[in-house]
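> Sharing a structure here in structure tokens format.
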Amino acid sequence: MPLIDLHCHFGPSPQTRALKPSEFSALKTYADQFGIETFCLSIPGASFDAQGGAQLLAEQLGGDSRARGWLSLSIHDPARSGELARKYLVKTNFCGTLIEPDSTSDIVATQGGRDLLNALRRYSKPVLISVNSPETLAGAVEVAREFGVLKFLISPQNELMTRITPAAMKEAVNAFFLPVAAYAERDSVASAVEVLGERRVMWASNWGKFHPAAALGMIKDSALSAPQRERVSLRNARELLA
Amino acid sequence: MAATAIFDACALFGPWPQHHDLTLDALLATLNSSNVSRALTLSTLGIYGDFRAGNAATLEACRAHADKLVPVATLDPRVYPVCLDEAEACAKAGFKLIRFFPGRQGWPLAFAPFRELLQRCDALKLTVAVEVSRPGDATELADAVAFTQSPLLLAGVTSENLGEAIAVLRSGAKFHLETTLLMAPGSLEAVATHVPNGHERLVFASYSPLRYFSSALNTVGAAAIAGEHKAAVIGANLARLMR
């Protein structure tokens with residue numbers, strides 16, 4: 001079965017600082033091996049250098065027709081973020097925006113976050129928000145409800161957040177759940193489908209930070225029917241990226 | 001991989017916070033469907049409740065499923081000096097391995113009762129596994145166990161702390177490392193490369209049924225290490241430690 005991988009990471013990250021960084025050619029090999037139809041990349045270093053990260057990402061995206069990019073933007077610099085959005089989000093191989101709140105000072109439901117999301121409305125591309133605390137999750141859910149015209153992916157970054165995110169985002173019907181296998185207890189995927197329905201749960205390998213074998217194992221072990229599995233690992237993402 | 005006997009270093013049953021109970025039936029179903037031949041098993045009552053009740057529940061379950069489950073005890077050094085007596089009782093009851101959960105139970109590694117308990121476990125020739133998930137934990141543990149001889153398993157190490165774990169593994173042959181959370185690509189390869197006989201120091205642990213079994217096993221299966229070394233990681237290394 002083909003897959004769409006909604007989040008891969010290219011470049012050094014905290015998870016790989018003691019390891020040799022993966023080459024882009026390894027990403028292509030992974031995509032060939034597992035029948036990945038499309039993979040969506042972000043650059044971990046863009047969290048502290050948005051401009052350099054965007055440039056590096058644009059260069060990598062030219063290397064494979066299956067590659068799409070998440071443009072990392074900061075809520076603390078809406079003017080610079082707006083410039084980068086104007087430059088990159090008009091390109092077809094940029095699939096959307098990545099916002100990674102690191103602490104309560106980065107909560108997206110603030111003036112800076114709202115200014116940024118307002119600016120992003122014109123591009124009609126999804127916004128991927130990672131959440132690592134109940135506060136950052138609440139902020140993501142709040143803006144998802146407020147900006148109904150945008151589609152949001154919410155990706156929890158620890159086990160507690162993976163447990164509580166589906167219920168917290170249930171009423172934000174334009175928000176989709178994107179679990180990370182490294183932070184997923186069994187059976188987070190089936191539980192999320194039970195809470196949100198199979199149309200609001202998606203799949204990513206987080207290649208680059210984590211071995212895709214872990215995320216493939218998560219999908220294999222999930223108590224989903226065949227149509228649900230196809231929805232989660234392919235069709236929902238295809239519709240989101242269309 | 002499929003033909004290799006899998007010996008899982010950590011399987012669980014019992015209550016778990018903010019999670020459905022991890023039932024013994026669910027554990028057995030996972031182990032059977034995943035072709036696990038044996039699993040070191042403990043009751044989570046020993047982590048979050050009374051370790052004596054947990055150890056009793058573990059023994060009961062493992063006696064009922066002796067073909068598959070091997071009992072592991074938990075001890076909590078905050079329950080001092082009772083924990084010293086329980087260590088003796090565990091050794092007499094046939095436990096070979098004791099697990100400690102400082103992070104989940106909220107006690108520091110630099111802790112006088114823990115140091116004494118480690119001495120007691122070492123004298124009783126009990127292998128210990130210690131959760132060292134926070135940066136600096138593995139280093140503190142290595143300092144605390146400088147005097148012990150028995151093998152020691154580092155548990156809960158993530159790829160973010162892998163550099164520290166490798167340094168500890170290189171400091172002494174008694175240290176071994178669980179694979180569960182080493183999910184960054186190249187993690188197992190890094191241990192195999194940078195640690196003398198590194199492939200002999202890695203031990204597969206799934207934490208089933210709390211975590212996805214296939215995520216844990218696939219990560220070992222996909223590692224770029226020799227097939228016989230993978231077989232050692234998923235079974236033979238732990239079998240050697242438990243002899």
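Order determines the names: the first chain of the structure tokens is A, the second B, and so forth; residues in each chain are numbered 1 upward, and ligands are numbered 1 upward as they are shown.
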Would you mind listing what lies within 10 Å of Asp77 of chain A as a PyMOL selection string, with only C-alpha atoms counted and same-chain residues fewer than 4 positions away left out?

chain A and resi 73+81-82+112-113+115-116

> Could you tell me which residues of chain B sit within 12 Å of chain A when counting only C-alpha atoms, and give me the result as a CSV table (one decimal) with all heavy atoms, in the first residue's frame?


```csv
chain,number,residue,atom,x,y,z
B,16,TRP,N,-1.8,1.6,35.0
B,16,TRP,CA,-0.9,2.6,34.5
B,16,TRP,C,-1.6,3.9,34.4
B,16,TRP,O,-2.7,4.0,33.9
B,16,TRP,CB,-0.4,2.2,33.1
B,16,TRP,CG,0.8,3.0,32.6
B,16,TRP,CD1,0.8,4.1,31.9
B,16,TRP,CD2,2.2,2.6,32.9
B,16,TRP,NE1,2.1,4.5,31.7
B,16,TRP,CE2,3.0,3.7,32.3
B,16,TRP,CE3,2.8,1.6,33.6
B,16,TRP,CZ2,4.4,3.7,32.4
B,16,TRP,CZ3,4.2,1.6,33.7
B,16,TRP,CH2,5.0,2.6,33.1
B,17,PRO,N,-1.0,5.0,35.0
B,17,PRO,CA,-1.7,6.3,35.0
B,17,PRO,C,-2.2,6.8,33.7
B,17,PRO,O,-1.4,6.7,32.7
B,17,PRO,CB,-0.6,7.2,35.6
B,17,PRO,CG,0.4,6.3,36.2
B,17,PRO,CD,0.4,5.0,35.5
B,18,GLN,N,-3.4,7.3,33.6
B,18,GLN,CA,-4.0,7.9,32.4
B,18,GLN,C,-3.9,6.9,31.2
B,18,GLN,O,-3.7,7.3,30.1
B,18,GLN,CB,-3.2,9.2,32.0
B,18,GLN,CG,-3.3,10.2,33.1
B,18,GLN,CD,-2.2,11.2,33.0
B,18,GLN,OE1,-1.1,11.0,32.5
B,18,GLN,NE2,-2.5,12.4,33.5
B,19,HIS,N,-4.1,5.6,31.5
B,19,HIS,CA,-4.0,4.6,30.5
B,19,HIS,C,-5.0,3.5,30.9
B,19,HIS,O,-5.1,3.3,32.1
B,19,HIS,CB,-2.6,4.1,30.4
B,19,HIS,CG,-2.3,3.4,29.1
B,19,HIS,ND1,-2.8,2.1,28.8
B,19,HIS,CD2,-1.6,3.8,28.0
B,19,HIS,CE1,-2.3,1.8,27.6
B,19,HIS,NE2,-1.6,2.7,27.1
B,20,HIS,N,-5.6,2.8,29.9
B,20,HIS,CA,-6.3,1.6,30.3
B,20,HIS,C,-5.4,0.7,31.0
B,20,HIS,O,-4.2,0.6,30.7
B,20,HIS,CB,-6.9,0.9,29.0
B,20,HIS,CG,-7.8,1.8,28.3
B,20,HIS,ND1,-9.0,2.3,28.8
B,20,HIS,CD2,-7.8,2.2,27.0
B,20,HIS,CE1,-9.6,3.1,27.9
B,20,HIS,NE2,-8.9,3.0,26.8
B,21,ASP,N,-5.9,-0.2,31.9
B,21,ASP,CA,-5.1,-1.2,32.6
B,21,ASP,C,-4.4,-2.0,31.5
B,21,ASP,O,-5.0,-2.4,30.5
B,21,ASP,CB,-6.0,-2.1,33.4
B,21,ASP,CG,-6.2,-1.5,34.8
B,21,ASP,OD1,-5.7,-0.3,35.0
B,21,ASP,OD2,-6.7,-2.2,35.7
B,22,LEU,N,-3.2,-2.3,31.8
B,22,LEU,CA,-2.4,-3.3,31.0
B,22,LEU,C,-2.7,-4.7,31.5
B,22,LEU,O,-2.1,-5.1,32.5
B,22,LEU,CB,-0.9,-2.9,31.1
B,22,LEU,CG,-0.5,-1.4,30.9
B,22,LEU,CD1,0.9,-1.2,31.3
B,22,LEU,CD2,-0.8,-1.0,29.5
B,26,ALA,N,-3.8,-9.2,27.8
B,26,ALA,CA,-3.3,-8.4,26.6
B,26,ALA,C,-1.8,-8.6,26.5
B,26,ALA,O,-1.3,-8.7,25.3
B,26,ALA,CB,-3.6,-6.9,26.9
B,27,LEU,N,-1.1,-8.7,27.6
B,27,LEU,CA,0.3,-9.0,27.5
B,27,LEU,C,0.6,-10.3,26.8
B,27,LEU,O,1.4,-10.4,25.9
B,27,LEU,CB,1.0,-8.9,28.9
B,27,LEU,CG,2.4,-9.5,29.0
B,27,LEU,CD1,3.3,-8.6,28.1
B,27,LEU,CD2,2.9,-9.5,30.4
B,30,THR,N,-0.1,-10.3,23.1
B,30,THR,CA,1.0,-9.6,22.4
B,30,THR,C,2.2,-10.5,22.2
B,30,THR,O,2.8,-10.6,21.1
B,30,THR,CB,1.4,-8.3,23.1
B,30,THR,OG1,0.2,-7.4,23.2
B,30,THR,CG2,2.4,-7.5,22.3
B,33,SER,N,1.4,-13.3,19.8
B,33,SER,CA,1.3,-12.9,18.3
B,33,SER,C,2.6,-12.4,17.8
B,33,SER,O,2.8,-12.3,16.6
B,33,SER,CB,0.2,-11.9,18.2
B,33,SER,OG,0.5,-10.7,18.9
B,34,SER,N,3.5,-12.0,18.7
B,34,SER,CA,4.8,-11.5,18.2
B,34,SER,C,5.9,-12.5,18.3
B,34,SER,O,7.1,-12.1,18.1
B,34,SER,CB,5.2,-10.3,19.1
B,34,SER,OG,4.1,-9.4,19.1
B,157,VAL,N,16.7,5.2,28.1
B,157,VAL,CA,17.6,6.1,27.4
B,157,VAL,C,17.0,6.4,26.1
B,157,VAL,O,16.7,5.5,25.3
B,157,VAL,CB,19.0,5.5,27.3
B,157,VAL,CG1,19.9,6.4,26.5
B,157,VAL,CG2,19.7,5.2,28.7
B,158,THR,N,16.9,7.7,25.8
B,158,THR,CA,16.4,8.1,24.4
B,158,THR,C,17.6,8.5,23.6
B,158,THR,O,18.8,8.7,24.1
B,158,THR,CB,15.5,9.4,24.5
B,158,THR,OG1,16.3,10.5,25.0
B,158,THR,CG2,14.4,9.1,25.5
B,159,SER,N,17.4,8.7,22.3
B,159,SER,CA,18.5,9.0,21.4
B,159,SER,C,19.1,10.4,21.8
B,159,SER,O,20.2,10.7,21.5
B,159,SER,CB,18.0,9.0,20.0
B,159,SER,OG,17.6,7.7,19.6
B,160,GLU,N,18.3,11.2,22.4
B,160,GLU,CA,18.8,12.6,22.8
B,160,GLU,C,19.9,12.4,23.8
B,160,GLU,O,20.8,13.3,23.9
B,160,GLU,CB,17.7,13.4,23.4
B,160,GLU,CG,16.7,13.9,22.4
B,160,GLU,CD,15.6,14.8,22.9
B,160,GLU,OE1,16.0,15.8,23.6
B,160,GLU,OE2,14.4,14.6,22.7
B,161,ASN,N,19.9,11.4,24.6
B,161,ASN,CA,20.9,11.2,25.7
B,161,ASN,C,21.9,10.0,25.3
B,161,ASN,O,22.6,9.5,26.2
B,161,ASN,CB,20.2,10.8,27.0
B,161,ASN,CG,19.3,11.9,27.5
B,161,ASN,OD1,19.5,13.1,27.2
B,161,ASN,ND2,18.3,11.5,28.2
B,162,LEU,N,21.9,9.7,24.0
B,162,LEU,CA,22.7,8.5,23.6
B,162,LEU,C,24.2,8.8,23.8
B,162,LEU,O,24.9,7.8,24.2
B,162,LEU,CB,22.4,8.2,22.2
B,162,LEU,CG,23.2,7.0,21.6
B,162,LEU,CD1,22.8,5.7,22.4
B,162,LEU,CD2,22.9,6.8,20.1
B,163,GLY,N,24.7,10.0,23.6
B,163,GLY,CA,26.1,10.3,23.8
B,163,GLY,C,26.5,10.0,25.2
B,163,GLY,O,27.6,9.3,25.4
B,164,GLU,N,25.7,10.4,26.2
B,164,GLU,CA,26.0,10.1,27.6
B,164,GLU,C,26.0,8.6,27.8
B,164,GLU,O,26.9,8.1,28.5
B,164,GLU,CB,25.0,10.8,28.5
B,164,GLU,CG,25.3,10.6,29.9
B,164,GLU,CD,24.2,11.1,30.8
B,164,GLU,OE1,23.1,11.6,30.3
B,164,GLU,OE2,24.3,11.1,32.1
B,165,ALA,N,25.0,7.9,27.3
B,165,ALA,CA,24.9,6.5,27.5
B,165,ALA,C,26.2,5.7,26.9
B,165,ALA,O,26.7,4.8,27.6
B,165,ALA,CB,23.7,5.9,26.9
B,166,ILE,N,26.6,6.2,25.8
B,166,ILE,CA,27.8,5.5,25.1
B,166,ILE,C,29.0,5.7,26.0
B,166,ILE,O,29.8,4.8,26.2
B,166,ILE,CB,28.0,6.1,23.7
B,166,ILE,CG1,26.9,5.5,22.8
B,166,ILE,CG2,29.4,5.7,23.2
B,166,ILE,CD1,27.0,6.1,21.4
B,167,ALA,N,29.2,6.9,26.6
B,167,ALA,CA,30.3,7.2,27.5
B,167,ALA,C,30.3,6.2,28.7
B,167,ALA,O,31.3,5.7,29.1
B,167,ALA,CB,30.3,8.6,27.9
B,179,THR,N,17.1,-1.1,24.2
B,179,THR,CA,16.9,-0.5,22.9
B,179,THR,C,15.6,0.3,22.8
B,179,THR,O,15.5,1.1,21.8
B,179,THR,CB,16.8,-1.6,21.8
B,179,THR,OG1,15.8,-2.5,22.2
B,179,THR,CG2,18.1,-2.4,21.8
B,180,THR,N,14.7,0.2,23.7
B,180,THR,CA,13.3,0.6,23.5
B,180,THR,C,13.2,2.0,22.9
B,180,THR,O,12.4,2.2,22.0
B,180,THR,CB,12.6,0.7,24.9
B,180,THR,OG1,13.0,-0.5,25.7
B,180,THR,CG2,11.1,0.7,24.8
B,181,LEU,N,13.8,3.0,23.5
B,181,LEU,CA,13.6,4.4,23.0
B,181,LEU,C,14.7,4.9,22.1
B,181,LEU,O,14.8,6.1,21.9
B,181,LEU,CB,13.4,5.3,24.3
B,181,LEU,CG,12.3,4.9,25.2
B,181,LEU,CD1,12.2,5.9,26.4
B,181,LEU,CD2,10.9,5.0,24.5
B,182,LEU,N,15.6,4.0,21.7
B,182,LEU,CA,16.7,4.4,20.8
B,182,LEU,C,16.2,4.4,19.4
B,182,LEU,O,16.5,3.5,18.6
B,182,LEU,CB,17.9,3.5,21.0
B,182,LEU,CG,18.5,3.5,22.4
B,182,LEU,CD1,19.6,2.5,22.5
B,182,LEU,CD2,19.0,4.9,22.8
B,183,MET,N,15.3,5.3,19.1
B,183,MET,CA,14.6,5.3,17.8
B,183,MET,C,15.2,6.2,16.7
B,183,MET,O,14.7,6.1,15.6
B,183,MET,CB,13.1,5.7,18.0
B,183,MET,CG,12.4,4.6,18.8
B,183,MET,SD,10.6,4.9,18.8
B,183,MET,CE,10.0,3.5,19.6
B,184,ALA,N,16.2,7.0,17.1
B,184,ALA,CA,16.8,7.8,16.0
B,184,ALA,C,17.6,6.9,15.1
B,184,ALA,O,18.2,5.9,15.6
B,184,ALA,CB,17.7,8.9,16.6
B,185,PRO,N,17.5,7.1,13.8
B,185,PRO,CA,18.3,6.3,12.9
B,185,PRO,C,19.8,6.3,13.2
B,185,PRO,O,20.3,7.4,13.4
B,185,PRO,CB,18.0,6.9,11.5
B,185,PRO,CG,17.5,8.3,11.7
B,185,PRO,CD,16.9,8.3,13.1
B,186,GLY,N,20.4,5.1,13.2
B,186,GLY,CA,21.8,5.1,13.5
B,186,GLY,C,22.2,4.9,15.0
B,186,GLY,O,23.3,4.8,15.3
B,187,SER,N,21.1,4.9,15.9
B,187,SER,CA,21.4,4.8,17.3
B,187,SER,C,22.1,3.4,17.7
B,187,SER,O,23.1,3.4,18.3
B,187,SER,CB,20.1,4.9,18.1
B,187,SER,OG,19.5,6.1,17.9
B,188,LEU,N,21.5,2.4,17.2
B,188,LEU,CA,22.1,1.0,17.6
B,188,LEU,C,23.5,0.9,16.9
B,188,LEU,O,24.4,0.3,17.5
B,188,LEU,CB,21.1,-0.1,17.2
B,188,LEU,CG,19.7,0.0,17.7
B,188,LEU,CD1,18.9,-1.2,17.4
B,188,LEU,CD2,19.7,0.3,19.2
B,189,GLU,N,23.5,1.4,15.7
B,189,GLU,CA,24.8,1.3,14.9
B,189,GLU,C,25.9,2.1,15.7
B,189,GLU,O,27.1,1.7,15.7
B,189,GLU,CB,24.7,1.9,13.5
B,189,GLU,CG,23.7,1.1,12.6
B,189,GLU,CD,22.3,1.5,12.7
B,189,GLU,OE1,21.8,2.0,13.8
B,189,GLU,OE2,21.6,1.4,11.7
B,190,ALA,N,25.5,3.2,16.3
B,190,ALA,CA,26.5,4.0,17.0
B,190,ALA,C,27.0,3.3,18.2
B,190,ALA,O,28.2,3.3,18.5
B,190,ALA,CB,25.9,5.4,17.5
B,191,VAL,N,26.1,2.6,18.9
B,191,VAL,CA,26.6,1.7,20.1
B,191,VAL,C,27.5,0.6,19.6
B,191,VAL,O,28.6,0.4,20.2
B,191,VAL,CB,25.4,1.2,20.8
B,191,VAL,CG1,25.8,0.2,22.0
B,191,VAL,CG2,24.5,2.3,21.4
B,193,THR,N,29.3,0.6,17.0
B,193,THR,CA,30.6,1.1,16.5
B,193,THR,C,31.5,1.7,17.6
B,193,THR,O,32.7,1.4,17.6
B,193,THR,CB,30.3,2.2,15.5
B,193,THR,OG1,29.5,1.7,14.5
B,193,THR,CG2,31.6,2.8,14.9
B,194,HIS,N,30.9,2.4,18.5
B,194,HIS,CA,31.7,3.2,19.5
B,194,HIS,C,32.0,2.5,20.8
B,194,HIS,O,32.8,3.0,21.6
B,194,HIS,CB,31.1,4.6,19.7
B,194,HIS,CG,31.0,5.4,18.5
B,194,HIS,ND1,32.1,5.7,17.7
B,194,HIS,CD2,29.9,5.9,17.9
B,194,HIS,CE1,31.7,6.5,16.7
B,194,HIS,NE2,30.4,6.6,16.8
B,206,SER,N,10.6,-4.3,24.9
B,206,SER,CA,9.4,-3.7,24.2
B,206,SER,C,8.5,-2.9,25.1
B,206,SER,O,7.8,-2.1,24.6
B,206,SER,CB,8.6,-4.9,23.6
B,206,SER,OG,7.8,-5.5,24.5
B,207,TYR,N,8.5,-3.1,26.4
B,207,TYR,CA,7.5,-2.5,27.3
B,207,TYR,C,6.1,-2.8,26.8
B,207,TYR,O,5.2,-2.0,27.0
B,207,TYR,CB,7.8,-1.0,27.5
B,207,TYR,CG,9.0,-0.8,28.3
B,207,TYR,CD1,10.3,-1.0,27.8
B,207,TYR,CD2,8.9,-0.3,29.6
B,207,TYR,CE1,11.4,-0.8,28.6
B,207,TYR,CE2,10.0,-0.1,30.4
B,207,TYR,CZ,11.3,-0.4,29.9
B,207,TYR,OH,12.4,-0.2,30.6
B,208,SER,N,5.9,-4.0,26.3
B,208,SER,CA,4.5,-4.4,25.9
B,208,SER,C,3.7,-4.7,27.2
B,208,SER,O,4.3,-5.2,28.2
B,208,SER,CB,4.6,-5.7,25.1
B,208,SER,OG,5.1,-5.4,23.8
B,209,PRO,N,2.4,-4.5,27.1
B,209,PRO,CA,1.6,-4.0,26.0
B,209,PRO,C,1.5,-2.5,26.1
B,209,PRO,O,0.6,-1.9,25.5
B,209,PRO,CB,0.3,-4.7,26.2
B,209,PRO,CG,0.1,-4.8,27.7
B,209,PRO,CD,1.5,-5.0,28.2
B,210,LEU,N,2.3,-1.8,26.9
B,210,LEU,CA,2.2,-0.3,27.0
B,210,LEU,C,2.6,0.4,25.7
B,210,LEU,O,1.9,1.3,25.3
B,210,LEU,CB,3.1,0.2,28.2
B,210,LEU,CG,3.2,1.7,28.3
B,210,LEU,CD1,1.8,2.2,28.8
B,210,LEU,CD2,4.3,2.1,29.3
B,211,ARG,N,3.6,-0.2,25.1
B,211,ARG,CA,4.1,0.5,23.8
B,211,ARG,C,3.8,-0.5,22.6
B,211,ARG,O,3.5,-1.7,22.8
B,211,ARG,CB,5.6,0.8,23.9
B,211,ARG,CG,5.9,1.7,25.1
B,211,ARG,CD,7.4,2.1,25.1
B,211,ARG,NE,7.6,2.9,23.9
B,211,ARG,CZ,7.4,4.2,23.9
B,211,ARG,NH1,7.0,4.9,24.9
B,211,ARG,NH2,7.7,4.9,22.8
B,212,TYR,N,4.0,0.0,21.4
B,212,TYR,CA,3.8,-0.8,20.2
B,212,TYR,C,4.9,-1.7,20.1
B,212,TYR,O,6.1,-1.3,20.0
B,212,TYR,CB,3.7,0.1,19.0
B,212,TYR,CG,2.4,0.9,18.9
B,212,TYR,CD1,2.4,2.3,19.2
B,212,TYR,CD2,1.2,0.3,18.4
B,212,TYR,CE1,1.2,3.0,19.0
B,212,TYR,CE2,0.1,1.0,18.3
B,212,TYR,CZ,0.1,2.4,18.6
B,212,TYR,OH,-1.1,3.1,18.4
B,213,PHE,N,4.6,-3.0,20.1
B,213,PHE,CA,5.7,-4.0,20.0
B,213,PHE,C,6.5,-3.9,18.7
B,213,PHE,O,7.7,-4.0,18.7
B,213,PHE,CB,5.1,-5.5,20.2
B,213,PHE,CG,6.2,-6.5,20.2
B,213,PHE,CD1,6.8,-6.9,21.3
B,213,PHE,CD2,6.6,-7.1,19.0
B,213,PHE,CE1,7.8,-7.9,21.3
B,213,PHE,CE2,7.6,-8.0,19.0
B,213,PHE,CZ,8.2,-8.4,20.2
B,214,SER,N,5.7,-3.8,17.6
B,214,SER,CA,6.4,-3.7,16.3
B,214,SER,C,7.3,-2.5,16.2
B,214,SER,O,8.3,-2.6,15.4
B,214,SER,CB,5.4,-3.8,15.2
B,214,SER,OG,4.7,-5.0,15.2
B,215,SER,N,7.0,-1.4,16.8
B,215,SER,CA,7.9,-0.2,16.7
B,215,SER,C,9.2,-0.6,17.3
B,215,SER,O,10.3,-0.2,16.8
B,215,SER,CB,7.3,1.0,17.5
B,215,SER,OG,6.1,1.4,16.9
B,216,ALA,N,9.2,-1.3,18.5
B,216,ALA,CA,10.4,-1.6,19.2
B,216,ALA,C,11.2,-2.7,18.4
B,216,ALA,O,12.4,-2.5,18.2
B,216,ALA,CB,10.1,-2.2,20.6
B,217,LEU,N,10.5,-3.7,17.9
B,217,LEU,CA,11.2,-4.8,17.2
B,217,LEU,C,11.7,-4.3,15.8
B,217,LEU,O,12.9,-4.6,15.4
B,217,LEU,CB,10.3,-6.0,17.0
B,217,LEU,CG,11.0,-7.2,16.4
B,217,LEU,CD1,12.1,-7.7,17.3
B,217,LEU,CD2,10.0,-8.3,16.1
B,218,ASN,N,10.9,-3.5,15.1
B,218,ASN,CA,11.3,-3.1,13.7
B,218,ASN,C,12.5,-2.2,13.8
B,218,ASN,O,13.3,-2.2,12.9
B,218,ASN,CB,10.2,-2.2,13.1
B,218,ASN,CG,9.0,-3.1,12.6
B,218,ASN,OD1,9.0,-4.3,12.8
B,218,ASN,ND2,8.0,-2.5,12.1
B,219,THR,N,12.7,-1.4,14.9
B,219,THR,CA,13.8,-0.5,15.0
B,219,THR,C,15.1,-1.4,15.0
B,219,THR,O,16.1,-1.0,14.5
B,219,THR,CB,13.7,0.4,16.2
B,219,THR,OG1,12.4,1.0,16.1
B,219,THR,CG2,14.7,1.4,16.2
B,220,VAL,N,15.1,-2.5,15.7
B,220,VAL,CA,16.2,-3.4,15.8
B,220,VAL,C,16.4,-4.0,14.4
B,220,VAL,O,17.5,-4.1,13.8
B,220,VAL,CB,16.1,-4.4,16.9
B,220,VAL,CG1,17.3,-5.4,16.9
B,220,VAL,CG2,15.9,-3.8,18.2
B,221,GLY,N,15.3,-4.5,13.8
B,221,GLY,CA,15.4,-5.2,12.6
B,221,GLY,C,15.9,-4.4,11.4
B,221,GLY,O,16.6,-4.9,10.5
B,222,ALA,N,15.6,-3.0,11.5
B,222,ALA,CA,16.1,-2.1,10.4
B,222,ALA,C,17.5,-1.6,10.6
B,222,ALA,O,18.0,-0.9,9.8
B,222,ALA,CB,15.1,-1.0,10.3
B,223,ALA,N,18.1,-1.9,11.8
B,223,ALA,CA,19.4,-1.3,12.1
B,223,ALA,C,20.5,-1.9,11.1
B,223,ALA,O,20.4,-3.1,10.7
B,223,ALA,CB,19.8,-1.6,13.5
B,224,ALA,N,21.4,-1.1,10.7
B,224,ALA,CA,22.5,-1.6,9.8
B,224,ALA,C,23.6,-2.3,10.6
B,224,ALA,O,24.7,-1.8,10.6
B,224,ALA,CB,23.0,-0.4,9.0
```

> Out of chain A, which residues get alpha helix (DSSP H) from DSSP, as JSON, numbers by chain?

{"A": [24, 25, 26, 27, 28, 29, 30, 31, 32, 33, 34, 50, 51, 52, 53, 54, 55, 56, 57, 58, 59, 60, 61, 78, 79, 80, 81, 82, 83, 84, 85, 86, 87, 88, 111, 112, 113, 114, 115, 116, 117, 118, 119, 120, 134, 135, 136, 137, 138, 139, 140, 141, 142, 143, 144, 145, 146, 159, 160, 161, 162, 163, 164, 165, 166, 167, 168, 169, 188, 189, 190, 191, 192, 193, 194, 195, 196, 212, 213, 214, 215, 216, 217, 218, 219, 220, 221, 226, 227, 228, 229, 230, 236, 237, 238, 239, 240, 241]}

> Quick check for you: according to DSSP on this backbone, which residues of segment 65-205 of chain A are classed as strand (DSSP E or B)? Reply as a ChimeraX atom specification.

/A:67-72,94-99,127-131,152-156,175-177,185,201

> Report as an MDAnalysis selection string all protein, DNA and RNA residues lying within 12 Å of Ala110 of chain B, evaluated on only C-alpha atoms, omitting residues in the same chain fewer than 6 positions from it.

chainID B and resid 77 102 116 118 136:145

> Using Å and a single decimal, report how far atom CA of Arg68 of chain A sits from atom CA of Ala242 of chain A.

11.9 Å

> Env of Leu69 of chain B: 8 Å cut, atoms = only C-alpha atoms, seq-sep filter 4 positions within chain, self excluded. Answer as a ChimeraX atom specification.

/B:38-41,61-63,65

> I'd like the interatomic distance between atom CA of Gln157 of chain A and atom CA of Trp107 of chain B, to a tenth of an Å.

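Interatomic distance here is 24.6 Å.
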
> To one decimal place in Å, what is the distance between atom CA of Phe111 of chain B and atom CA of Ser171 of chain B?

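For atom CA of Phe111 of chain B relative to atom CA of Ser171 of chain B, the distance reads 21.7 Å.
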